[in-house]
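Here's the structure we're looking at; comments come further down.
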Amino acid sequence: MEKRYKIGILALQGDYERHYKALESIGVFPIYVKLPEELKDIDGLVIPGGESPTMIRLIDRYGLRDPLVQLYEQKVPFFGTCAGAILLASEVETMPQDYSLGFINMRIERNAYGRQRESFEGDVEIAWKGESYLFTGIFIRAPQIVDVGPEVEVIGKLVSSGEPVLVRQGHVLAATFHPELVDDRFVEQIFLEMVEEYATQR
Amino acid sequence: MSIITGTYRLKVGFAEMLKGGVIMDVTTPEQAKIAEDAGAVAVMALERVPADIRKEGGVARMADPEIILRIMDAVTIPVMAKVRIGHFVEAQILEELGVDFIDESEVLTPADEENHIDKHKFKIPFVCGARNLGEALRRIAEGAALIRTKGEAGTGNVVEAVRHMRLIMRQIKELTTKNSEELFAEAKRLGAPYELVRWVAEHGRLPVPNFAAGGIATPADAALMMQLGAEAVFVGSGIFKSSDPERRAKAIVEAVAYYDNPKVLARVSRGLGEPMKGIDISKLKEEELLQVRGW
């Protein structure tokens with residue numbers, strides 16, 4: 001990237017440090033965000049993996065929900081992995097409406113594959129800009145995307161089942177796996193391309 | 001296309017997801033629910049909390065699977081449970097139940113005084129306690145995916161956890177200053193595998209996450225451990241042995257998330273009621289110490 005973009009990582013709980021290292025390794029120097037005022041002038045925001053109940057409670061207790069919605073409305077790109085994907089969904093199975101932020105029109109189910117014993121590694125086929133790319137997906141007590149709206153673009157599919165695991169709606173990107181836990185930076189590059197694209201539009 | 005489970009990367013990756021969070025000891029589904037509602041990232045399902053184990057004495061064993069299953073049913077967050085040091089059959093039972101993480105714990109009465117469990121044999125991850133870097137690396141060599149300080153469980157006194165965390169962090173720093181010849185002698189001195197010693201020297205950290213446990217009773221205790229380098233906190237007796245567990249649980253969750261923000265810490269520490277009573281560890285007899293179990 002030519003210009004230096006300000007990328008925030010929501011650091012309330014979870015593997016925010018792994019996201020930091022992943023972005024750092026491709027020349028981005030992100031900042032951790034825990035308070036509303038720290039969201040100012042952000043060009044993109046990462047919501048890490050972790051426990052979504054913990055994160056959503058802290059988001060509400062520390063007044064982060066409205067500023068996050070404002071960022072979304074200003075077309076600032078979001079990227080969520082695992083728990084982050086849950087928070088970005090419009091509907092979370094068996095949970096109340098305000099459990100998530102609703103930036104992607106999809107229904108998602110928490111821990112859909114089972115408990116930690118059933119956590120798995122599996123190949124993900126990513127289709128991006130007309131090319132196909134094979135990526136190692138790390139799925140940890142992962143959520144499953146049950147249904148997506150017509151405006152949602154399925155970018156990555158689990159090869160073994162064909163189900164969607166990496167989706168995008170406009171300036172919001174969500175993965176049910178953990179790209180930050182492997183050495184391949186392909187998914188972060190997609191996010192950075194989105195950051196660049198929307199920064200020029202704002 | 002195949003799917004693989006139980007890899008070391010999945011185990012350590014799961015430990016990464018717990019970072020910045022609080023894992024709370026619970027003995028009933030109701031307590032587990034309180035912990036989840038307060039924002040805990042996981043619960044440790046037990047028959048008795050360490051303070052009661054300490055008081056009642058006798059042999060402390062893995063909890064009744066019935067209790068563990070009821071707690072697993074009550075919450076959506078991960079559930080951990082403890083096995084005795086070296087008791088690999090208790091671990092097989094917990095794996096069969098589908099527990100998310102096993103704590104091979106000095107809080108229970110050891111089943112083997114020489115050997116810890118070969119944790120590589122299991123699909124689910126293990127956490128083990130350590131008082132120093134050598135102990136931490138021996139556990140990692142055996143397959144632990146997460147290390148926690150031992151502290152002195154069930155005392156409500158953070159002094160031992162502080163001692164263990166400071167020592168581990170100092171020993172890591174010292175290793176990074178050694179040259180390659182010295183690392184062989186260091187491995188011998190630490191009683192740890194050379195490969196792991198070299199890894200720590202090169203990276204300046206443990207190869208797995210490093211959490212705090214043992215005696216944490218207040219939001220300030222939790223934030224202290226985080227500032228000393230812990231990446232998450234286990235709270236045992238500290239919550240449900242206090243006068244207002246619900247409020248204290250919430251306060252400790254916020255204190256861990258905002259461990260570096262004194263303004264938040266001051267606010268959440270106010271009016272929490274009585275903390276657990278606590279024990280002066282120097283008054284304990286050697287045989288009453290839990291941290292000396294394991295090697």
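Going by the structure tokens order, chains are called A, B, ..., each with residues numbered from 1, while ligands are numbered from 1 in the order shown.
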I need the contact residues of chain B against chain A, so if you could list those with any atom within 6 Å, counting only C-alpha atoms, and return them as a tab-separated table (two decimals) with N, CA and C atoms, in the first residue's frame, that would help.
```tsv
chain	number	residue	atom	x	y	z
B	1	MET	N	-11.72	-34.06	-0.18
B	1	MET	CA	-10.80	-33.25	0.64
B	1	MET	C	-10.98	-33.59	2.11
B	3	ILE	N	-10.45	-33.52	6.32
B	3	ILE	CA	-10.55	-32.62	7.47
B	3	ILE	C	-9.71	-33.27	8.55
B	4	ILE	N	-8.86	-32.50	9.24
B	4	ILE	CA	-8.12	-33.11	10.34
B	4	ILE	C	-8.45	-32.44	11.67
B	5	THR	N	-8.44	-33.25	12.73
B	5	THR	CA	-8.77	-32.72	14.06
B	5	THR	C	-7.61	-33.02	15.02
B	16	GLU	N	-5.20	-19.40	22.30
B	16	GLU	CA	-5.09	-17.99	21.86
B	16	GLU	C	-6.43	-17.27	21.98
B	17	MET	N	-7.52	-17.99	21.70
B	17	MET	CA	-8.86	-17.37	21.70
B	17	MET	C	-9.31	-16.96	23.10
B	18	LEU	N	-8.66	-17.53	24.13
B	18	LEU	CA	-9.06	-17.22	25.51
B	18	LEU	C	-8.34	-15.99	26.05
B	19	LYS	N	-7.37	-15.50	25.27
B	19	LYS	CA	-6.56	-14.38	25.75
B	19	LYS	C	-7.41	-13.15	26.08
B	20	GLY	N	-6.92	-12.41	27.09
B	20	GLY	CA	-7.63	-11.21	27.50
B	20	GLY	C	-8.93	-11.53	28.22
B	21	GLY	N	-9.07	-12.77	28.64
B	21	GLY	CA	-10.32	-13.18	29.27
B	21	GLY	C	-10.12	-13.76	30.67
B	39	GLY	N	-19.44	-12.46	31.56
B	39	GLY	CA	-18.47	-12.28	30.48
B	39	GLY	C	-17.24	-13.18	30.57
B	41	VAL	N	-14.71	-16.12	29.67
B	41	VAL	CA	-14.44	-16.76	28.38
B	41	VAL	C	-14.53	-18.27	28.47
B	100	ASP	N	-13.79	-29.15	26.85
B	100	ASP	CA	-13.00	-28.42	25.86
B	100	ASP	C	-11.52	-28.30	26.19
B	124	ILE	N	-7.92	-33.24	22.73
B	124	ILE	CA	-8.27	-31.96	23.35
B	124	ILE	C	-7.05	-31.40	24.07
B	257	ALA	N	-9.87	-6.93	30.74
B	257	ALA	CA	-9.93	-6.29	29.42
B	257	ALA	C	-9.24	-4.93	29.44
```
Env of Glu66 in chain B: 12 Å cut, atoms = only C-alpha atoms, seq-sep filter 3 positions within chain, self excluded. Answer as a ChimeraX atom specification. /B:27-29,45-47,62-63,69-73,93-94,97
For the selection you just gave me, I'd like the residues written to a file as a short mmCIF file (atom, residue, chain, number, x, y, z; two decimals), in the first residue's frame, keeping all heavy atoms.
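As written to disk, result.cif reads:
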```
data_model
loop_
_atom_site.label_atom_id
_atom_site.label_comp_id
_atom_site.auth_asym_id
_atom_site.auth_seq_id
_atom_site.Cartn_x
_atom_site.Cartn_y
_atom_site.Cartn_z
N THR B 27 -19.08 -24.64 40.45
CA THR B 27 -19.42 -25.98 40.95
C THR B 27 -20.86 -26.38 40.61
O THR B 27 -21.24 -27.51 40.86
CB THR B 27 -19.24 -26.05 42.48
OG1 THR B 27 -20.05 -25.04 43.08
CG2 THR B 27 -17.79 -25.83 42.88
N THR B 28 -21.66 -25.45 40.08
CA THR B 28 -23.05 -25.76 39.73
C THR B 28 -23.40 -25.10 38.40
O THR B 28 -22.76 -24.12 38.00
CB THR B 28 -24.03 -25.20 40.79
OG1 THR B 28 -23.94 -23.76 40.77
CG2 THR B 28 -23.74 -25.70 42.19
N PRO B 29 -24.46 -25.58 37.73
CA PRO B 29 -24.91 -24.92 36.49
C PRO B 29 -25.29 -23.47 36.74
O PRO B 29 -25.08 -22.62 35.88
CB PRO B 29 -26.13 -25.75 36.08
CG PRO B 29 -25.93 -27.09 36.69
CD PRO B 29 -25.21 -26.84 37.98
N ALA B 45 -15.20 -26.57 35.50
CA ALA B 45 -16.23 -27.30 36.23
C ALA B 45 -15.60 -28.14 37.33
O ALA B 45 -14.76 -29.00 37.08
CB ALA B 45 -17.00 -28.20 35.26
N LEU B 46 -16.02 -27.90 38.57
CA LEU B 46 -15.41 -28.56 39.73
C LEU B 46 -16.48 -29.08 40.68
O LEU B 46 -17.62 -28.61 40.66
CB LEU B 46 -14.57 -27.55 40.52
CG LEU B 46 -13.36 -26.94 39.85
CD1 LEU B 46 -12.84 -25.80 40.71
CD2 LEU B 46 -12.29 -27.99 39.67
N GLU B 47 -16.09 -30.03 41.53
CA GLU B 47 -16.98 -30.46 42.61
C GLU B 47 -16.85 -29.53 43.80
O GLU B 47 -17.82 -29.21 44.46
CB GLU B 47 -16.62 -31.88 43.02
CG GLU B 47 -17.78 -32.84 42.84
CD GLU B 47 -17.37 -34.27 43.08
OE1 GLU B 47 -16.96 -34.94 42.12
OE2 GLU B 47 -17.48 -34.71 44.24
N MET B 62 -10.87 -35.97 40.13
CA MET B 62 -11.69 -35.41 39.04
C MET B 62 -13.14 -35.30 39.52
O MET B 62 -13.60 -36.15 40.28
CB MET B 62 -11.62 -36.37 37.85
CG MET B 62 -12.55 -36.05 36.70
SD MET B 62 -12.53 -37.35 35.43
CE MET B 62 -13.63 -38.57 36.17
N ALA B 63 -13.85 -34.27 39.04
CA ALA B 63 -15.26 -34.10 39.45
C ALA B 63 -16.12 -35.22 38.86
O ALA B 63 -15.76 -35.84 37.86
CB ALA B 63 -15.77 -32.74 38.97
N LEU B 69 -21.17 -32.60 33.05
CA LEU B 69 -22.14 -32.60 31.94
C LEU B 69 -23.24 -31.57 32.15
O LEU B 69 -23.67 -30.92 31.22
CB LEU B 69 -22.74 -34.00 31.77
CG LEU B 69 -21.80 -35.04 31.14
CD1 LEU B 69 -22.40 -36.44 31.24
CD2 LEU B 69 -21.49 -34.69 29.69
N ARG B 70 -23.69 -31.44 33.40
CA ARG B 70 -24.75 -30.46 33.68
C ARG B 70 -24.24 -29.05 33.44
O ARG B 70 -24.96 -28.18 32.93
CB ARG B 70 -25.28 -30.64 35.10
CG ARG B 70 -26.36 -31.75 35.13
CD ARG B 70 -26.84 -32.12 36.52
NE ARG B 70 -26.92 -31.01 37.43
CZ ARG B 70 -26.66 -31.10 38.73
NH1 ARG B 70 -26.29 -32.25 39.26
NH2 ARG B 70 -26.79 -30.04 39.51
N ILE B 71 -22.99 -28.82 33.79
CA ILE B 71 -22.41 -27.49 33.55
C ILE B 71 -22.22 -27.26 32.04
O ILE B 71 -22.50 -26.18 31.52
CB ILE B 71 -21.09 -27.32 34.35
CG1 ILE B 71 -21.44 -27.20 35.83
CG2 ILE B 71 -20.29 -26.11 33.85
CD1 ILE B 71 -20.28 -27.25 36.77
N MET B 72 -21.80 -28.30 31.31
CA MET B 72 -21.65 -28.17 29.85
C MET B 72 -22.99 -27.83 29.19
O MET B 72 -23.04 -27.08 28.22
CB MET B 72 -21.08 -29.47 29.26
CG MET B 72 -19.59 -29.65 29.52
SD MET B 72 -18.98 -31.33 29.21
CE MET B 72 -19.32 -31.52 27.49
N ASP B 73 -24.06 -28.39 29.74
CA ASP B 73 -25.39 -28.12 29.18
C ASP B 73 -25.87 -26.69 29.48
O ASP B 73 -26.69 -26.14 28.75
CB ASP B 73 -26.43 -29.09 29.77
CG ASP B 73 -26.41 -30.42 29.03
OD1 ASP B 73 -25.83 -30.45 27.93
OD2 ASP B 73 -26.96 -31.40 29.56
N ILE B 93 -11.52 -39.97 30.31
CA ILE B 93 -12.95 -39.80 30.61
C ILE B 93 -13.42 -38.39 30.22
O ILE B 93 -14.46 -38.22 29.58
CB ILE B 93 -13.23 -40.09 32.10
CG1 ILE B 93 -13.01 -41.59 32.38
CG2 ILE B 93 -14.64 -39.66 32.51
CD1 ILE B 93 -13.01 -41.98 33.84
N LEU B 94 -12.62 -37.39 30.57
CA LEU B 94 -13.01 -36.01 30.23
C LEU B 94 -13.06 -35.80 28.72
O LEU B 94 -13.93 -35.11 28.21
CB LEU B 94 -12.03 -35.00 30.86
CG LEU B 94 -12.08 -34.86 32.38
CD1 LEU B 94 -11.19 -33.69 32.82
CD2 LEU B 94 -13.49 -34.67 32.90
N LEU B 97 -16.23 -37.18 27.50
CA LEU B 97 -17.37 -36.30 27.82
C LEU B 97 -17.46 -35.12 26.86
O LEU B 97 -18.51 -34.50 26.72
CB LEU B 97 -17.25 -35.75 29.24
CG LEU B 97 -17.29 -36.73 30.42
CD1 LEU B 97 -17.13 -35.98 31.72
CD2 LEU B 97 -18.59 -37.52 30.42
#
```
So that I can check the secondary structure, give me every residue of chain A assigned alpha helix (DSSP H) by backbone DSSP, as JSON, numbers by chain. {"A": [16, 17, 18, 19, 20, 21, 22, 23, 24, 52, 53, 54, 55, 56, 57, 58, 59, 60, 61, 65, 66, 67, 68, 69, 70, 71, 72, 73, 83, 84, 85, 86, 87, 88, 186, 187, 188, 189, 190, 191, 192, 193, 194, 195, 196, 197, 198, 199, 200, 201]}
Using DSSP on the backbone coordinates, identify the residues of range 24-112 of chain A assigned to strand (DSSP E or B); present them as a VMD selection string. chain A and resid 31 to 33 44 to 47 78 to 81 89 to 92 104 to 109
Any chance you can output those residues with N, CA and C atoms as a PDB file, in the first residue's frame?
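New file out-v7.pdb:
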```pdb
ATOM      1  N   ILE A  31      -3.465  -0.379  15.338  1.00  0.00           N
ATOM      2  CA  ILE A  31      -3.571   0.062  16.733  1.00  0.00           C
ATOM      3  C   ILE A  31      -4.688  -0.745  17.410  1.00  0.00           C
ATOM      4  N   TYR A  32      -4.524  -0.956  18.708  1.00  0.00           N
ATOM      5  CA  TYR A  32      -5.572  -1.628  19.475  1.00  0.00           C
ATOM      6  C   TYR A  32      -6.641  -0.622  19.880  1.00  0.00           C
ATOM      7  N   VAL A  33      -7.884  -1.048  19.798  1.00  0.00           N
ATOM      8  CA  VAL A  33      -9.001  -0.173  20.132  1.00  0.00           C
ATOM      9  C   VAL A  33      -9.829  -0.805  21.246  1.00  0.00           C
ATOM     10  N   GLY A  44     -10.067   1.158   8.810  1.00  0.00           N
ATOM     11  CA  GLY A  44     -10.507  -0.231   8.743  1.00  0.00           C
ATOM     12  C   GLY A  44     -10.460  -0.823  10.135  1.00  0.00           C
ATOM     13  N   LEU A  45     -11.359  -1.767  10.431  1.00  0.00           N
ATOM     14  CA  LEU A  45     -11.375  -2.349  11.778  1.00  0.00           C
ATOM     15  C   LEU A  45     -11.454  -3.868  11.724  1.00  0.00           C
ATOM     16  N   VAL A  46     -10.569  -4.515  12.511  1.00  0.00           N
ATOM     17  CA  VAL A  46     -10.566  -5.972  12.623  1.00  0.00           C
ATOM     18  C   VAL A  46     -11.259  -6.365  13.923  1.00  0.00           C
ATOM     19  N   ILE A  47     -12.175  -7.324  13.845  1.00  0.00           N
ATOM     20  CA  ILE A  47     -12.756  -7.905  15.062  1.00  0.00           C
ATOM     21  C   ILE A  47     -12.222  -9.334  15.157  1.00  0.00           C
ATOM     22  N   PHE A  78     -14.760  -3.451   7.570  1.00  0.00           N
ATOM     23  CA  PHE A  78     -14.657  -4.313   8.753  1.00  0.00           C
ATOM     24  C   PHE A  78     -14.181  -5.685   8.310  1.00  0.00           C
ATOM     25  N   PHE A  79     -13.428  -6.348   9.196  1.00  0.00           N
ATOM     26  CA  PHE A  79     -12.998  -7.723   8.935  1.00  0.00           C
ATOM     27  C   PHE A  79     -13.118  -8.501  10.245  1.00  0.00           C
ATOM     28  N   GLY A  80     -13.986  -9.512  10.268  1.00  0.00           N
ATOM     29  CA  GLY A  80     -14.175 -10.289  11.486  1.00  0.00           C
ATOM     30  C   GLY A  80     -13.825 -11.754  11.259  1.00  0.00           C
ATOM     31  N   THR A  81     -13.136 -12.361  12.248  1.00  0.00           N
ATOM     32  CA  THR A  81     -12.869 -13.800  12.147  1.00  0.00           C
ATOM     33  C   THR A  81     -13.529 -14.516  13.320  1.00  0.00           C
ATOM     34  N   ALA A  89     -22.702 -10.605  11.890  1.00  0.00           N
ATOM     35  CA  ALA A  89     -23.892 -11.185  11.267  1.00  0.00           C
ATOM     36  C   ALA A  89     -25.169 -10.441  11.664  1.00  0.00           C
ATOM     37  N   SER A  90     -26.197 -10.533  10.797  1.00  0.00           N
ATOM     38  CA  SER A  90     -27.469  -9.884  11.113  1.00  0.00           C
ATOM     39  C   SER A  90     -28.318 -10.752  12.035  1.00  0.00           C
ATOM     40  N   GLU A  91     -28.029 -12.063  12.039  1.00  0.00           N
ATOM     41  CA  GLU A  91     -28.832 -12.958  12.871  1.00  0.00           C
ATOM     42  C   GLU A  91     -27.974 -14.100  13.412  1.00  0.00           C
ATOM     43  N   VAL A  92     -27.996 -14.278  14.729  1.00  0.00           N
ATOM     44  CA  VAL A  92     -27.256 -15.362  15.367  1.00  0.00           C
ATOM     45  C   VAL A  92     -28.270 -16.341  15.944  1.00  0.00           C
ATOM     46  N   ILE A 104     -23.590  -7.746   8.080  1.00  0.00           N
ATOM     47  CA  ILE A 104     -23.689  -8.655   6.931  1.00  0.00           C
ATOM     48  C   ILE A 104     -25.024  -9.391   7.036  1.00  0.00           C
ATOM     49  N   ASN A 105     -25.753  -9.406   5.939  1.00  0.00           N
ATOM     50  CA  ASN A 105     -27.051 -10.066   5.941  1.00  0.00           C
ATOM     51  C   ASN A 105     -26.873 -11.584   5.868  1.00  0.00           C
ATOM     52  N   MET A 106     -26.668 -12.196   7.034  1.00  0.00           N
ATOM     53  CA  MET A 106     -26.521 -13.654   7.073  1.00  0.00           C
ATOM     54  C   MET A 106     -26.955 -14.194   8.426  1.00  0.00           C
ATOM     55  N   ARG A 107     -27.348 -15.457   8.405  1.00  0.00           N
ATOM     56  CA  ARG A 107     -27.699 -16.147   9.642  1.00  0.00           C
ATOM     57  C   ARG A 107     -26.538 -17.060   9.994  1.00  0.00           C
ATOM     58  N   ILE A 108     -26.079 -17.000  11.245  1.00  0.00           N
ATOM     59  CA  ILE A 108     -24.906 -17.766  11.645  1.00  0.00           C
ATOM     60  C   ILE A 108     -25.227 -18.549  12.910  1.00  0.00           C
ATOM     61  N   GLU A 109     -24.618 -19.737  13.033  1.00  0.00           N
ATOM     62  CA  GLU A 109     -24.858 -20.556  14.230  1.00  0.00           C
ATOM     63  C   GLU A 109     -23.555 -20.734  14.983  1.00  0.00           C
TER      64      GLU A 109
END
```
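Here CA of Arg189 in chain B is placed at a distance of 16.1 Å from CA of Ala141 in chain B.
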Contact table range 50-85 of chain B vs range 220-237 of chain B, cut-off 10 Å, shortest pair per residue, only C-alpha atoms, as a tab-separated table:
```
residue	atom	partner	partner_atom	distance
B:Pro50	CA	B:Ser237	CA	6.1
B:Ala51	CA	B:Ser237	CA	5.9
B:Asp52	CA	B:Ser237	CA	8.4
```
Dump N, CA, C and O atoms for the selected residues as a PDB file, in the first residue's frame?
```
ATOM      1  N   PRO B  50     -11.007 -24.710  45.133  1.00  0.00           N
ATOM      2  CA  PRO B  50      -9.770 -24.990  45.863  1.00  0.00           C
ATOM      3  C   PRO B  50      -9.815 -24.633  47.349  1.00  0.00           C
ATOM      4  O   PRO B  50      -9.276 -25.372  48.179  1.00  0.00           O
ATOM      5  N   ALA B  51     -10.495 -23.525  47.702  1.00  0.00           N
ATOM      6  CA  ALA B  51     -10.544 -23.132  49.117  1.00  0.00           C
ATOM      7  C   ALA B  51     -11.212 -24.227  49.946  1.00  0.00           C
ATOM      8  O   ALA B  51     -10.800 -24.505  51.081  1.00  0.00           O
ATOM      9  N   ASP B  52     -12.248 -24.873  49.384  1.00  0.00           N
ATOM     10  CA  ASP B  52     -12.929 -25.942  50.121  1.00  0.00           C
ATOM     11  C   ASP B  52     -12.108 -27.230  50.127  1.00  0.00           C
ATOM     12  O   ASP B  52     -12.116 -27.976  51.107  1.00  0.00           O
TER      13      ASP B  52
END
```
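Using only C-alpha atoms for every distance, the candidate list A:Pro77, A:Pro67, A:Pro36, A:Pro150 yields A:Pro77 as the residue closest to Tyr5 in chain A.
Between CA of Val197 in chain B and CA of Leu289 in chain B the separation is 28.3 Å.
With CA of Thr109 in chain B on one side and CA of Glu90 in chain B on the other, the separation reads 12.6 Å.
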Test item: residues at most 10 Å from Gly154 in chain B, only C-alpha atoms, excluding those fewer than 4 positions along its chain, as a PDB file with C-alpha atoms, in the first residue's frame:
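Okay, around24.pdb is ready:
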```pdb
ATOM      1  CA  VAL B  49     -13.418 -24.917  44.708  1.00  0.00           C
ATOM      2  CA  PRO B  50      -9.770 -24.990  45.863  1.00  0.00           C
ATOM      3  CA  ALA B  51     -10.544 -23.132  49.117  1.00  0.00           C
ATOM      4  CA  ASP B  52     -12.929 -25.942  50.121  1.00  0.00           C
ATOM      5  CA  ILE B  53     -10.535 -28.672  48.966  1.00  0.00           C
ATOM      6  CA  ARG B  54      -7.955 -27.056  51.213  1.00  0.00           C
ATOM      7  CA  LYS B  55     -10.354 -26.884  54.164  1.00  0.00           C
ATOM      8  CA  VAL B 107      -5.041 -28.563  43.148  1.00  0.00           C
ATOM      9  CA  GLY B 214      -3.610 -19.228  41.992  1.00  0.00           C
ATOM     10  CA  GLY B 215      -4.804 -16.744  44.595  1.00  0.00           C
ATOM     11  CA  ILE B 216      -6.387 -14.046  42.410  1.00  0.00           C
ATOM     12  CA  ALA B 217      -9.262 -12.479  44.374  1.00  0.00           C
ATOM     13  CA  VAL B 235     -10.034 -17.107  39.077  1.00  0.00           C
ATOM     14  CA  GLY B 236     -10.770 -20.023  41.377  1.00  0.00           C
ATOM     15  CA  SER B 237     -12.273 -19.518  44.789  1.00  0.00           C
ATOM     16  CA  GLY B 238     -12.014 -15.720  44.462  1.00  0.00           C
ATOM     17  CA  LYS B 241     -16.269 -17.363  47.937  1.00  0.00           C
ATOM     18  CA  MET B 276     -12.811 -14.057  50.020  1.00  0.00           C
ATOM     19  CA  GLY B 278      -7.668 -15.292  52.293  1.00  0.00           C
ATOM     20  CA  ILE B 279      -4.722 -17.010  53.935  1.00  0.00           C
ATOM     21  CA  LEU B 290      -0.295 -27.221  46.573  1.00  0.00           C
TER      22      LEU B 290
END
```
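Shell of Phe186 in chain A at 9 Å, with only C-alpha atoms counted and residues fewer than 3 places along the chain excluded, is Tyr133, Phe135, Pro179, Gln189, Ile190 and Phe191 of chain A.
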What does the file look like for those residues with all heavy atoms, as an mmCIF file, in the first residue's frame?
```cif
data_model
loop_
_atom_site.group_PDB
_atom_site.id
_atom_site.type_symbol
_atom_site.label_atom_id
_atom_site.label_comp_id
_atom_site.auth_asym_id
_atom_site.auth_seq_id
_atom_site.Cartn_x
_atom_site.Cartn_y
_atom_site.Cartn_z
ATOM 1 N N TYR A 133 -7.872 -19.747 -5.218
ATOM 2 C CA TYR A 133 -6.722 -19.878 -4.326
ATOM 3 C C TYR A 133 -7.062 -20.861 -3.214
ATOM 4 O O TYR A 133 -8.136 -20.792 -2.618
ATOM 5 C CB TYR A 133 -6.395 -18.498 -3.741
ATOM 6 C CG TYR A 133 -5.111 -18.415 -2.977
ATOM 7 C CD1 TYR A 133 -3.909 -18.172 -3.624
ATOM 8 C CD2 TYR A 133 -5.097 -18.580 -1.587
ATOM 9 C CE1 TYR A 133 -2.717 -18.083 -2.914
ATOM 10 C CE2 TYR A 133 -3.910 -18.505 -0.875
ATOM 11 C CZ TYR A 133 -2.729 -18.245 -1.536
ATOM 12 O OH TYR A 133 -1.555 -18.168 -0.840
ATOM 13 N N PHE A 135 -6.504 -22.290 0.496
ATOM 14 C CA PHE A 135 -6.059 -21.728 1.768
ATOM 15 C C PHE A 135 -6.331 -22.737 2.887
ATOM 16 O O PHE A 135 -7.335 -23.436 2.865
ATOM 17 C CB PHE A 135 -6.842 -20.426 2.023
ATOM 18 C CG PHE A 135 -6.310 -19.572 3.128
ATOM 19 C CD1 PHE A 135 -5.378 -18.581 2.860
ATOM 20 C CD2 PHE A 135 -6.749 -19.742 4.435
ATOM 21 C CE1 PHE A 135 -4.875 -17.772 3.875
ATOM 22 C CE2 PHE A 135 -6.244 -18.937 5.458
ATOM 23 C CZ PHE A 135 -5.318 -17.957 5.176
ATOM 24 N N PRO A 179 -7.639 -16.996 9.604
ATOM 25 C CA PRO A 179 -6.475 -16.758 8.751
ATOM 26 C C PRO A 179 -5.274 -16.231 9.540
ATOM 27 O O PRO A 179 -4.130 -16.470 9.155
ATOM 28 C CB PRO A 179 -6.966 -15.719 7.736
ATOM 29 C CG PRO A 179 -8.275 -15.230 8.224
ATOM 30 C CD PRO A 179 -8.813 -16.225 9.182
ATOM 31 N N GLN A 189 -4.749 -9.618 2.806
ATOM 32 C CA GLN A 189 -4.534 -8.809 1.595
ATOM 33 C C GLN A 189 -5.879 -8.402 0.972
ATOM 34 O O GLN A 189 -6.032 -7.275 0.510
ATOM 35 C CB GLN A 189 -3.692 -9.567 0.560
ATOM 36 C CG GLN A 189 -2.233 -9.780 0.968
ATOM 37 C CD GLN A 189 -1.393 -8.500 0.974
ATOM 38 O OE1 GLN A 189 -1.887 -7.413 0.693
ATOM 39 N NE2 GLN A 189 -0.122 -8.641 1.324
ATOM 40 N N ILE A 190 -6.839 -9.319 0.991
ATOM 41 C CA ILE A 190 -8.182 -8.982 0.488
ATOM 42 C C ILE A 190 -8.754 -7.811 1.300
ATOM 43 O O ILE A 190 -9.266 -6.841 0.752
ATOM 44 C CB ILE A 190 -9.133 -10.207 0.583
ATOM 45 C CG1 ILE A 190 -8.670 -11.312 -0.379
ATOM 46 C CG2 ILE A 190 -10.586 -9.791 0.308
ATOM 47 C CD1 ILE A 190 -9.529 -12.578 -0.319
ATOM 48 N N PHE A 191 -8.604 -7.916 2.622
ATOM 49 C CA PHE A 191 -9.109 -6.848 3.493
ATOM 50 C C PHE A 191 -8.419 -5.511 3.179
ATOM 51 O O PHE A 191 -9.069 -4.468 3.080
ATOM 52 C CB PHE A 191 -8.916 -7.244 4.965
ATOM 53 C CG PHE A 191 -9.281 -6.163 5.945
ATOM 54 C CD1 PHE A 191 -10.562 -5.616 5.971
ATOM 55 C CD2 PHE A 191 -8.343 -5.694 6.863
ATOM 56 C CE1 PHE A 191 -10.906 -4.623 6.887
ATOM 57 C CE2 PHE A 191 -8.674 -4.704 7.780
ATOM 58 C CZ PHE A 191 -9.951 -4.164 7.786
#
```
Do a neighbour search on His203 in chain B at 10 Å with only C-alpha atoms, toss out local chain neighbours closer than 3 positions, and write the hits as a list in words. Ile172, Lys173, Leu175, Thr176, Arg198, Trp199, Val200, Leu206 and Pro207 of chain B
